[in-house]
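Undergrad: Below is the file coords.txt, with compact mmCIF, C-alpha atoms and all ligand atoms.
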```
# COMPACT_ATOMS: atom_id res chain seq x y z
CA MET A 1475 -22.47 -52.64 18.72
CA ILE A 1476 -19.19 -54.46 18.20
CA LEU A 1477 -19.25 -58.21 17.51
CA THR A 1478 -16.06 -60.21 17.62
CA HIS A 1479 -17.33 -63.79 17.51
CA VAL A 1480 -17.47 -65.06 13.95
CA ASP A 1481 -20.83 -66.85 14.25
CA GLU A 1482 -22.45 -63.77 15.79
CA ALA A 1483 -20.88 -61.57 13.13
CA ARG A 1484 -22.15 -63.81 10.32
CA ALA A 1485 -25.67 -63.89 11.78
CA ALA A 1486 -25.77 -60.12 12.25
CA LEU A 1487 -24.50 -59.55 8.73
CA ALA A 1488 -27.12 -61.93 7.33
CA ARG A 1489 -29.86 -59.99 9.16
CA ALA A 1490 -28.55 -56.64 7.94
CA ILE A 1491 -28.41 -57.90 4.35
CA ASP A 1492 -31.85 -59.42 4.63
CA GLN A 1493 -33.36 -56.14 5.79
CA ALA A 1494 -31.69 -54.11 3.04
CA SER A 1495 -32.66 -53.66 -0.57
CA ARG A 1496 -29.94 -51.35 -1.94
CA ILE A 1497 -26.55 -52.33 -0.60
CA VAL A 1498 -23.30 -50.58 -1.41
CA ALA A 1499 -20.05 -52.31 -0.50
CA PHE A 1500 -16.96 -50.20 0.03
CA THR A 1501 -13.75 -52.20 0.02
CA GLY A 1502 -10.16 -51.64 1.01
CA ALA A 1503 -6.97 -53.65 0.96
CA GLY A 1504 -8.10 -55.94 3.79
CA ILE A 1505 -10.45 -57.85 1.50
CA SER A 1506 -7.48 -58.95 -0.63
CA THR A 1507 -4.91 -59.96 1.99
CA GLU A 1508 -6.14 -63.56 2.03
CA CYS A 1509 -5.41 -63.57 -1.73
CA GLY A 1510 -1.76 -62.70 -1.10
CA VAL A 1511 -2.07 -59.00 -1.89
CA PRO A 1512 -0.49 -57.05 0.97
CA ASP A 1513 -2.41 -54.19 2.56
CA PHE A 1514 -0.82 -50.79 3.16
CA ARG A 1515 -0.55 -50.25 6.87
CA SER A 1516 -0.30 -53.63 8.60
CA THR A 1517 3.10 -54.53 10.06
CA ASN A 1518 5.47 -55.90 7.39
CA SER A 1519 3.52 -54.36 4.51
CA PRO A 1520 5.99 -53.81 1.66
CA TRP A 1521 4.36 -50.41 1.21
CA LEU A 1522 5.81 -49.27 4.55
CA LYS A 1523 9.35 -49.77 3.26
CA TYR A 1524 9.29 -46.73 1.00
CA LYS A 1525 7.80 -43.28 1.19
CA PRO A 1526 5.09 -43.10 -1.51
CA ILE A 1527 6.07 -41.14 -4.63
CA ASP A 1528 3.71 -38.19 -4.90
CA PHE A 1529 2.16 -37.38 -8.24
CA ASP A 1530 4.02 -34.10 -8.77
CA VAL A 1531 7.33 -35.86 -8.09
CA PHE A 1532 6.46 -38.60 -10.59
CA VAL A 1533 5.67 -35.97 -13.22
CA SER A 1534 8.72 -33.80 -12.60
CA SER A 1535 11.47 -36.36 -12.03
CA GLU A 1536 12.62 -38.93 -14.55
CA LEU A 1537 14.64 -40.67 -11.84
CA MET A 1538 11.58 -41.03 -9.64
CA ARG A 1539 9.52 -42.31 -12.58
CA GLU A 1540 12.11 -45.03 -13.02
CA GLU A 1541 11.97 -45.77 -9.29
CA ALA A 1542 8.15 -45.92 -9.43
CA TRP A 1543 8.29 -48.49 -12.24
CA ARG A 1544 10.95 -50.54 -10.42
CA ARG A 1545 8.71 -50.69 -7.33
CA LYS A 1546 5.64 -51.43 -9.42
CA PHE A 1547 7.16 -54.47 -11.12
CA ALA A 1548 8.66 -55.75 -7.83
CA LEU A 1549 5.19 -55.63 -6.23
CA ASP A 1550 3.55 -57.19 -9.26
CA ASP A 1551 5.90 -60.13 -8.83
CA ILE A 1552 4.47 -60.60 -5.33
CA TYR A 1553 0.82 -60.71 -6.34
CA ALA A 1554 0.34 -60.83 -10.10
CA GLN A 1555 -1.11 -64.36 -9.80
CA ALA A 1556 -3.54 -63.45 -7.01
CA GLN A 1557 -7.05 -64.87 -7.30
CA PRO A 1558 -10.23 -63.51 -5.68
CA GLY A 1559 -10.99 -64.50 -2.10
CA ARG A 1560 -14.14 -65.27 -0.14
CA GLY A 1561 -14.95 -61.61 0.33
CA HIS A 1562 -14.80 -60.88 -3.40
CA TYR A 1563 -17.06 -63.83 -4.21
CA ALA A 1564 -19.52 -62.90 -1.47
CA LEU A 1565 -19.85 -59.40 -2.88
CA ALA A 1566 -20.08 -60.70 -6.46
CA ASN A 1567 -23.02 -62.85 -5.31
CA LEU A 1568 -24.72 -59.88 -3.64
CA VAL A 1569 -24.41 -57.92 -6.88
CA ALA A 1570 -25.64 -60.86 -8.97
CA SER A 1571 -28.68 -61.27 -6.72
CA GLY A 1572 -29.60 -57.63 -7.27
CA LYS A 1573 -29.20 -56.77 -3.56
CA ALA A 1574 -26.00 -54.81 -4.03
CA THR A 1575 -26.02 -51.94 -6.48
CA ALA A 1576 -22.31 -51.12 -6.44
CA ILE A 1577 -18.90 -52.03 -5.11
CA ILE A 1578 -16.86 -48.93 -4.45
CA THR A 1579 -13.26 -49.97 -4.06
CA GLN A 1580 -10.00 -48.32 -3.13
CA ASN A 1581 -8.20 -51.40 -4.40
CA ILE A 1582 -6.25 -51.46 -7.62
CA ASP A 1583 -5.86 -55.24 -7.85
CA ASN A 1584 -8.73 -55.98 -10.26
CA LEU A 1585 -9.98 -58.82 -8.02
CA HIS A 1586 -13.61 -57.66 -7.94
CA GLN A 1587 -13.64 -57.96 -11.73
CA CYS A 1588 -11.96 -61.38 -11.51
CA SER A 1589 -14.66 -62.61 -9.14
CA GLY A 1590 -17.32 -61.99 -11.78
CA THR A 1591 -18.70 -58.61 -10.76
CA PRO A 1592 -19.54 -56.67 -13.94
CA ASP A 1593 -17.48 -53.54 -14.64
CA ASP A 1594 -20.53 -51.31 -14.47
CA ARG A 1595 -21.07 -52.28 -10.81
CA ILE A 1596 -17.48 -51.53 -9.77
CA VAL A 1597 -16.28 -48.04 -8.94
CA GLU A 1598 -12.50 -47.77 -8.70
CA LEU A 1599 -11.61 -44.71 -6.66
CA HIS A 1600 -7.86 -45.23 -6.86
CA GLY A 1601 -7.64 -46.61 -10.37
CA ASN A 1602 -6.43 -49.99 -11.58
CA GLY A 1603 -2.90 -51.39 -11.39
CA THR A 1604 -3.23 -53.96 -14.14
CA TYR A 1605 -2.57 -51.52 -16.97
CA ALA A 1606 -1.02 -48.10 -17.55
CA SER A 1607 -1.98 -44.91 -19.30
CA CYS A 1608 -0.32 -41.86 -20.78
CA LEU A 1609 -0.61 -38.81 -18.54
CA SER A 1610 -0.71 -36.52 -21.59
CA CYS A 1611 -3.09 -38.16 -24.07
CA GLY A 1612 -4.69 -40.90 -21.95
CA LEU A 1613 -3.76 -43.75 -24.29
CA ARG A 1614 -3.89 -47.14 -22.57
CA HIS A 1615 -0.65 -49.15 -22.43
CA GLU A 1616 -0.24 -52.79 -21.45
CA LEU A 1617 2.15 -53.65 -18.62
CA VAL A 1618 3.74 -56.55 -20.46
CA ASP A 1619 4.96 -54.20 -23.20
CA ILE A 1620 6.12 -51.56 -20.73
CA ARG A 1621 8.00 -54.10 -18.67
CA ARG A 1622 9.80 -55.48 -21.69
CA GLY A 1623 11.03 -52.00 -22.64
CA PHE A 1624 11.85 -51.03 -19.06
CA GLU A 1625 13.90 -54.15 -18.45
CA ALA A 1626 15.76 -53.66 -21.71
CA THR A 1627 16.63 -49.98 -21.23
CA GLY A 1628 15.98 -49.06 -17.57
CA ALA A 1629 14.23 -45.95 -18.85
CA ALA A 1630 10.76 -44.92 -17.69
CA PRO A 1631 8.26 -45.48 -20.52
CA LEU A 1632 7.04 -42.71 -22.79
CA CYS A 1633 3.83 -42.84 -24.80
CA SER A 1634 4.24 -44.32 -28.27
CA ALA A 1635 1.56 -41.93 -29.58
CA CYS A 1636 2.49 -38.57 -28.04
CA GLY A 1637 5.73 -38.99 -26.07
CA GLY A 1638 4.07 -38.15 -22.74
CA PRO A 1639 4.98 -39.92 -19.48
CA VAL A 1640 3.23 -43.25 -18.94
CA LYS A 1641 2.03 -44.14 -15.46
CA SER A 1642 0.33 -47.14 -13.92
CA ALA A 1643 -3.41 -46.38 -14.14
CA THR A 1644 -3.61 -45.82 -10.40
CA ILE A 1645 -4.15 -42.65 -8.39
CA SER A 1646 -1.08 -41.48 -6.49
CA PHE A 1647 -1.07 -39.15 -3.53
CA GLY A 1648 -1.49 -35.63 -4.88
CA GLN A 1649 -3.07 -36.81 -8.14
CA PRO A 1650 -6.58 -35.54 -8.90
CA MET A 1651 -9.26 -38.08 -8.03
CA PRO A 1652 -11.10 -39.55 -11.04
CA ALA A 1653 -14.16 -37.35 -11.48
CA GLU A 1654 -16.46 -39.95 -13.03
CA ALA A 1655 -15.65 -42.56 -10.36
CA MET A 1656 -16.30 -39.99 -7.63
CA ARG A 1657 -19.63 -39.07 -9.25
CA ARG A 1658 -20.71 -42.72 -9.46
CA ALA A 1659 -19.58 -43.41 -5.90
CA HIS A 1660 -21.55 -40.43 -4.62
CA GLU A 1661 -24.67 -41.42 -6.55
CA ALA A 1662 -24.60 -45.02 -5.29
CA THR A 1663 -23.80 -44.01 -1.71
CA VAL A 1664 -26.62 -41.51 -1.25
CA ALA A 1665 -29.12 -44.01 -2.69
CA CYS A 1666 -28.18 -47.05 -0.60
CA ASP A 1667 -29.90 -48.31 2.53
CA LEU A 1668 -26.96 -50.41 3.76
CA PHE A 1669 -23.32 -49.39 3.41
CA LEU A 1670 -20.83 -52.16 4.09
CA ALA A 1671 -17.29 -50.87 4.68
CA ILE A 1672 -14.99 -53.87 4.40
CA GLY A 1673 -11.26 -54.11 4.96
CA SER A 1674 -10.24 -50.48 5.11
CA SER A 1675 -8.45 -48.53 7.82
CA LEU A 1676 -10.77 -45.67 6.76
CA ILE A 1677 -8.12 -43.03 7.13
CA VAL A 1678 -7.42 -42.04 3.52
CA TYR A 1679 -9.64 -39.24 2.23
CA PRO A 1680 -11.67 -38.48 0.20
CA ALA A 1681 -12.42 -42.23 -0.09
CA ALA A 1682 -13.09 -42.56 3.63
CA SER A 1683 -15.80 -39.89 3.45
CA TYR A 1684 -18.30 -42.28 1.83
CA PRO A 1685 -19.31 -44.19 5.00
CA SER A 1686 -20.31 -40.92 6.70
CA LEU A 1687 -22.05 -39.74 3.54
CA ALA A 1688 -24.13 -42.92 3.54
CA LYS A 1689 -25.03 -42.40 7.22
CA SER A 1690 -26.07 -38.83 6.57
CA HIS A 1691 -28.49 -40.17 3.93
CA ASN A 1692 -30.03 -42.58 6.43
CA ALA A 1693 -28.29 -45.77 5.40
CA ARG A 1694 -27.20 -48.28 8.01
CA LEU A 1695 -23.43 -48.46 8.30
CA VAL A 1696 -21.77 -51.82 8.96
CA ILE A 1697 -17.97 -51.94 9.25
CA VAL A 1698 -16.20 -55.27 8.76
CA ASN A 1699 -12.54 -55.10 9.67
CA GLY A 1700 -9.89 -56.84 11.72
CA GLU A 1701 -9.03 -53.78 13.78
CA ALA A 1702 -10.73 -50.63 15.01
CA THR A 1703 -11.27 -47.74 12.61
CA PRO A 1704 -11.90 -44.05 13.30
CA LEU A 1705 -15.46 -44.44 11.98
CA ASP A 1706 -16.48 -47.30 14.31
CA SER A 1707 -18.35 -44.89 16.58
CA GLU A 1708 -20.55 -43.81 13.62
CA ALA A 1709 -21.38 -47.39 12.64
CA ASP A 1710 -24.61 -49.18 13.49
CA LEU A 1711 -22.65 -52.40 13.67
CA VAL A 1712 -18.96 -53.26 13.79
CA LEU A 1713 -17.96 -56.81 12.86
CA ARG A 1714 -14.40 -57.27 14.00
CA GLY A 1715 -12.61 -60.33 12.68
CA ASP A 1716 -11.30 -61.96 9.56
CA ILE A 1717 -13.12 -60.72 6.45
CA GLY A 1718 -13.00 -64.03 4.60
CA ASP A 1719 -14.37 -65.89 7.63
CA ILE A 1720 -17.20 -63.41 8.19
CA LEU A 1721 -18.24 -63.24 4.51
CA GLU A 1722 -17.74 -66.94 3.76
CA PRO A 1723 -21.43 -67.93 4.08
CA PHE A 1724 -22.24 -65.50 1.26
CA ALA A 1725 -19.42 -66.66 -0.97
CA SER A 1726 -21.00 -69.82 -2.38
N1 LIG B 1 -9.54 -59.48 7.80
C1 LIG B 1 -9.92 -58.34 8.42
N2 LIG B 1 -9.26 -57.18 8.32
C2 LIG B 1 -8.12 -57.17 7.59
C3 LIG B 1 -7.63 -58.33 6.95
C4 LIG B 1 -8.40 -59.53 7.06
N3 LIG B 1 -8.04 -60.67 6.47
N4 LIG B 1 -6.47 -58.00 6.31
C5 LIG B 1 -6.25 -56.70 6.58
N5 LIG B 1 -7.25 -56.18 7.33
C6 LIG B 1 -7.44 -54.79 7.77
C7 LIG B 1 -6.23 -54.12 8.38
O1 LIG B 1 -6.17 -54.39 9.76
C8 LIG B 1 -6.51 -52.64 8.08
O2 LIG B 1 -7.30 -52.05 9.08
O3 LIG B 1 -7.73 -54.04 6.60
C9 LIG B 1 -7.32 -52.69 6.78
C10 LIG B 1 -6.53 -52.26 5.58
O4 LIG B 1 -6.19 -50.90 5.73
P1 LIG B 1 -5.07 -50.20 4.82
O5 LIG B 1 -3.88 -51.08 4.74
O6 LIG B 1 -4.89 -48.83 5.34
O7 LIG B 1 -5.75 -50.21 3.38
P2 LIG B 1 -6.85 -49.20 2.78
O8 LIG B 1 -7.75 -48.68 3.83
O9 LIG B 1 -7.45 -49.89 1.63
O10 LIG B 1 -5.91 -48.03 2.29
C11 LIG B 1 -6.50 -46.90 1.67
O11 LIG B 1 -4.35 -45.97 1.22
O12 LIG B 1 -2.13 -45.78 0.41
C12 LIG B 1 -3.46 -45.77 0.13
O13 LIG B 1 -4.19 -45.76 -2.05
C13 LIG B 1 -3.92 -46.64 -1.00
O14 LIG B 1 -6.19 -47.36 -1.48
C14 LIG B 1 -5.19 -47.27 -0.48
C15 LIG B 1 -5.59 -46.33 0.64
```
Produce structure tokens that represent the structure in this file.

TA:
Amino acid sequence: MILTHVDEARAALARAIDQASRIVAFTGAGISTECGVPDFRSTNSPWLKYKPIDFDVFVSSELMREEAWRRKFALDDIYAQAQPGRGHYALANLVASGKATAIITQNIDNLHQCSGTPDDRIVELHGNGTYASCLSCGLRHELVDIRRGFEATGAAPLCSACGGPVKSATISFGQPMPAEAMRRAHEATVACDLFLAIGSSLIVYPAASYPSLAKSHNARLVIVNGEATPLDSEADLVLRGDIGDILEPFAS
């Protein structure tokens, strides 16, 4: 069933949540657009301006590492001050109430953490863009330090401990997925009875495999998104509309 009227969507979501006891939320960029963080594939997304830099290119080319850092800081300027939105707070409340066991997110914006959801309930499939790490030794680096050096020299940062290349702590195309995050996402997904997919075009794999995994383990699948997704036909319920509007009743 597809619901497009916001009151009907809110009521149906309330019923689904009421009937569930182990909810997993799966979020994509659409939950953060009302916070000023652009998504990836909507018209005018800054991400559509450039071809993504694949992981092997980042590793092999100093020039492309510099380009990656230039793009990173330009985007940070767009949304570094972003605050959580209604969707983030609604999900934080579901976790706090004990109804939701995990938030699996493709987002790198740290806004689930900022909305008060504890780290151990958040699974970041594509990493976190608010810090960096060395690709050789794993040492964490802070962006403020990297930016200072980058702006002074124009050179891509190298690790102060081992000299390895430093990269934003996000997962690029072609980069291995984080094994522990994938394990936690799998564990939460197969154990849930309601899987809420919110704000994702559901086309990037392996992340987009979790809704179907939940279904195959007998969970109900509810998709909340502004446009159709390829998994709508698998869903028990599709709530089509603005995420903040639909989740607002759960946000306070
Ligand atoms: N309300 C409802 N839907 C929205 C809203 C909103 N306020 N804002 C955006 N959307 C929808 C868009 O219509 C789109 O269908 O959210 C979806 C966002 O999809 P994408 O931009 O493809 O983002 P996502 O699915 O998170 O992308 C997956 O792609 O490039 C990678 O690594 C990146 O994690 C990202 C992955």

Undergrad: With only C-alpha atoms as the atoms that count, which of A:His1562, A:Arg1621, A:Ser1674, A:Ser1642 lies nearest to Ser1726 of chain A?

TA: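 Result for the nearest residue to Ser1726 of chain A: A:His1562.
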
Undergrad: When you draw a straight line from atom CA of Gly1673 of chain A to atom CA of Ala1653 of chain A, how long is it in Å?

TA: 23.7 Å

Undergrad: Using atom C9 of ligand LIG 1 (chain B) and atom CA of Glu1508 of chain A as the two end points, give the distance in Å to one decimal.

TA: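 Computing the Euclidean distance for atom C9 of ligand LIG 1 (chain B) and atom CA of Glu1508 of chain A yields 11.9 Å.
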
Undergrad: Show me which residues line ligand LIG 1 (chain B), defined as having an atom within 9 Å of a ligand atom where all atoms listed in the file count, and present them as a PyMOL selection string.

TA: chain A and resi 1501-1508+1512-1516+1519+1521+1526+1579-1582+1599-1600+1644-1647+1672-1679+1681-1682+1698-1703+1714-1720

Undergrad: Mind pulling up the distance from atom CA of Gly1590 of chain A to atom CA of Leu1713 of chain A?

TA: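 Interatomic distance, atom CA of Leu1713 of chain A to atom CA of Gly1590 of chain A: 25.2 Å.
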
Undergrad: Can you pull out the residues contacting segment 1607-1617 of chain A? Cut-off 7 Å, using all atoms listed in the file, and skip same-chain residues under 6 positions away; I want them as an mmCIF file with C-alpha atoms, in the frame of the given file.

TA:
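Done, and the output landed in around_13.cif:
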```cif
data_model
loop_
_atom_site.group_PDB
_atom_site.id
_atom_site.type_symbol
_atom_site.label_atom_id
_atom_site.label_comp_id
_atom_site.auth_asym_id
_atom_site.auth_seq_id
_atom_site.Cartn_x
_atom_site.Cartn_y
_atom_site.Cartn_z
ATOM 1 C CA CYS A 1633 3.830 -42.840 -24.800
ATOM 2 C CA CYS A 1636 2.490 -38.570 -28.040
ATOM 3 C CA GLY A 1638 4.070 -38.150 -22.740
ATOM 4 C CA PRO A 1639 4.980 -39.920 -19.480
ATOM 5 C CA VAL A 1640 3.230 -43.250 -18.940
ATOM 6 C CA LYS A 1641 2.030 -44.140 -15.460
ATOM 7 C CA SER A 1642 0.330 -47.140 -13.920
ATOM 8 C CA ALA A 1643 -3.410 -46.380 -14.140
#
```

Undergrad: If you count all atoms listed in the file, which residues fall within 12 Å of Pro1723 of chain A, apart from same-chain ones fewer than 3 positions away, as a compact mmCIF listing (two decimals) with C-alpha atoms, in the coordinates of the input?

TA:
```txt
# COMPACT_ATOMS: atom_id res chain seq x y z
CA VAL A 1480 -17.47 -65.06 13.95
CA ASP A 1481 -20.83 -66.85 14.25
CA ALA A 1483 -20.88 -61.57 13.13
CA ARG A 1484 -22.15 -63.81 10.32
CA ALA A 1485 -25.67 -63.89 11.78
CA LEU A 1487 -24.50 -59.55 8.73
CA ALA A 1488 -27.12 -61.93 7.33
CA ARG A 1560 -14.14 -65.27 -0.14
CA GLY A 1561 -14.95 -61.61 0.33
CA TYR A 1563 -17.06 -63.83 -4.21
CA ALA A 1564 -19.52 -62.90 -1.47
CA LEU A 1565 -19.85 -59.40 -2.88
CA ASN A 1567 -23.02 -62.85 -5.31
CA LEU A 1568 -24.72 -59.88 -3.64
CA ILE A 1717 -13.12 -60.72 6.45
CA GLY A 1718 -13.00 -64.03 4.60
CA ASP A 1719 -14.37 -65.89 7.63
CA ILE A 1720 -17.20 -63.41 8.19
CA SER A 1726 -21.00 -69.82 -2.38
```

Undergrad: So that I can check the surroundings of segment 1661-1671 of chain A, please list as a PyMOL selection string every protein, DNA and RNA residue that reaches within 10 Å of it, counting only C-alpha atoms and ignoring chain neighbours fewer than 4 positions away.

TA: chain A and resi 1487+1490-1491+1493-1502+1573-1579+1595+1597+1655-1657+1675-1676+1682+1684-1699+1705+1709+1711-1712

Undergrad: Can you spit out segment 1571-1611 of chain A with C-alpha atoms, as a CSV table (one decimal), in the first residue's frame, from the structure just given?

TA:
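Everything below was put into result.csv:
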```
chain,number,residue,atom,x,y,z
A,1571,SER,CA,12.0,4.3,24.4
A,1572,GLY,CA,13.6,0.9,23.8
A,1573,LYS,CA,11.4,0.3,20.7
A,1574,ALA,CA,14.2,0.7,18.2
A,1575,THR,CA,17.3,-1.4,18.6
A,1576,ALA,CA,19.5,0.2,16.0
A,1577,ILE,CA,19.8,2.9,13.4
A,1578,ILE,CA,21.7,1.7,10.4
A,1579,THR,CA,22.8,4.7,8.4
A,1580,GLN,CA,24.4,5.4,5.1
A,1581,ASN,CA,24.9,9.0,6.1
A,1582,ILE,CA,28.3,10.4,7.1
A,1583,ASP,CA,27.0,13.6,8.7
A,1584,ASN,CA,27.0,12.6,12.3
A,1585,LEU,CA,23.5,13.9,12.8
A,1586,HIS,CA,22.1,10.8,14.5
A,1587,GLN,CA,24.8,11.2,17.2
A,1588,CYS,CA,24.0,14.9,17.5
A,1589,SER,CA,20.3,14.1,18.1
A,1590,GLY,CA,21.2,12.1,21.2
A,1591,THR,CA,21.2,8.5,19.9
A,1592,PRO,CA,24.0,6.7,21.7
A,1593,ASP,CA,27.0,5.5,19.5
A,1594,ASP,CA,26.3,1.9,20.3
A,1595,ARG,CA,22.9,2.1,18.6
A,1596,ILE,CA,24.2,3.7,15.4
A,1597,VAL,CA,25.7,1.6,12.6
A,1598,GLU,CA,27.6,3.7,10.1
A,1599,LEU,CA,27.8,1.7,6.8
A,1600,HIS,CA,29.7,4.4,4.9
A,1601,GLY,CA,31.8,5.9,7.7
A,1602,ASN,CA,31.8,9.3,9.2
A,1603,GLY,CA,32.8,12.6,7.6
A,1604,THR,CA,33.6,14.5,10.7
A,1605,TYR,CA,37.1,13.2,11.1
A,1606,ALA,CA,39.8,11.5,9.1
A,1607,SER,CA,42.0,8.4,9.5
A,1608,CYS,CA,45.3,7.1,8.1
A,1609,LEU,CA,44.8,4.4,5.5
A,1610,SER,CA,48.0,2.7,6.6
A,1611,CYS,CA,48.0,2.7,10.4
```
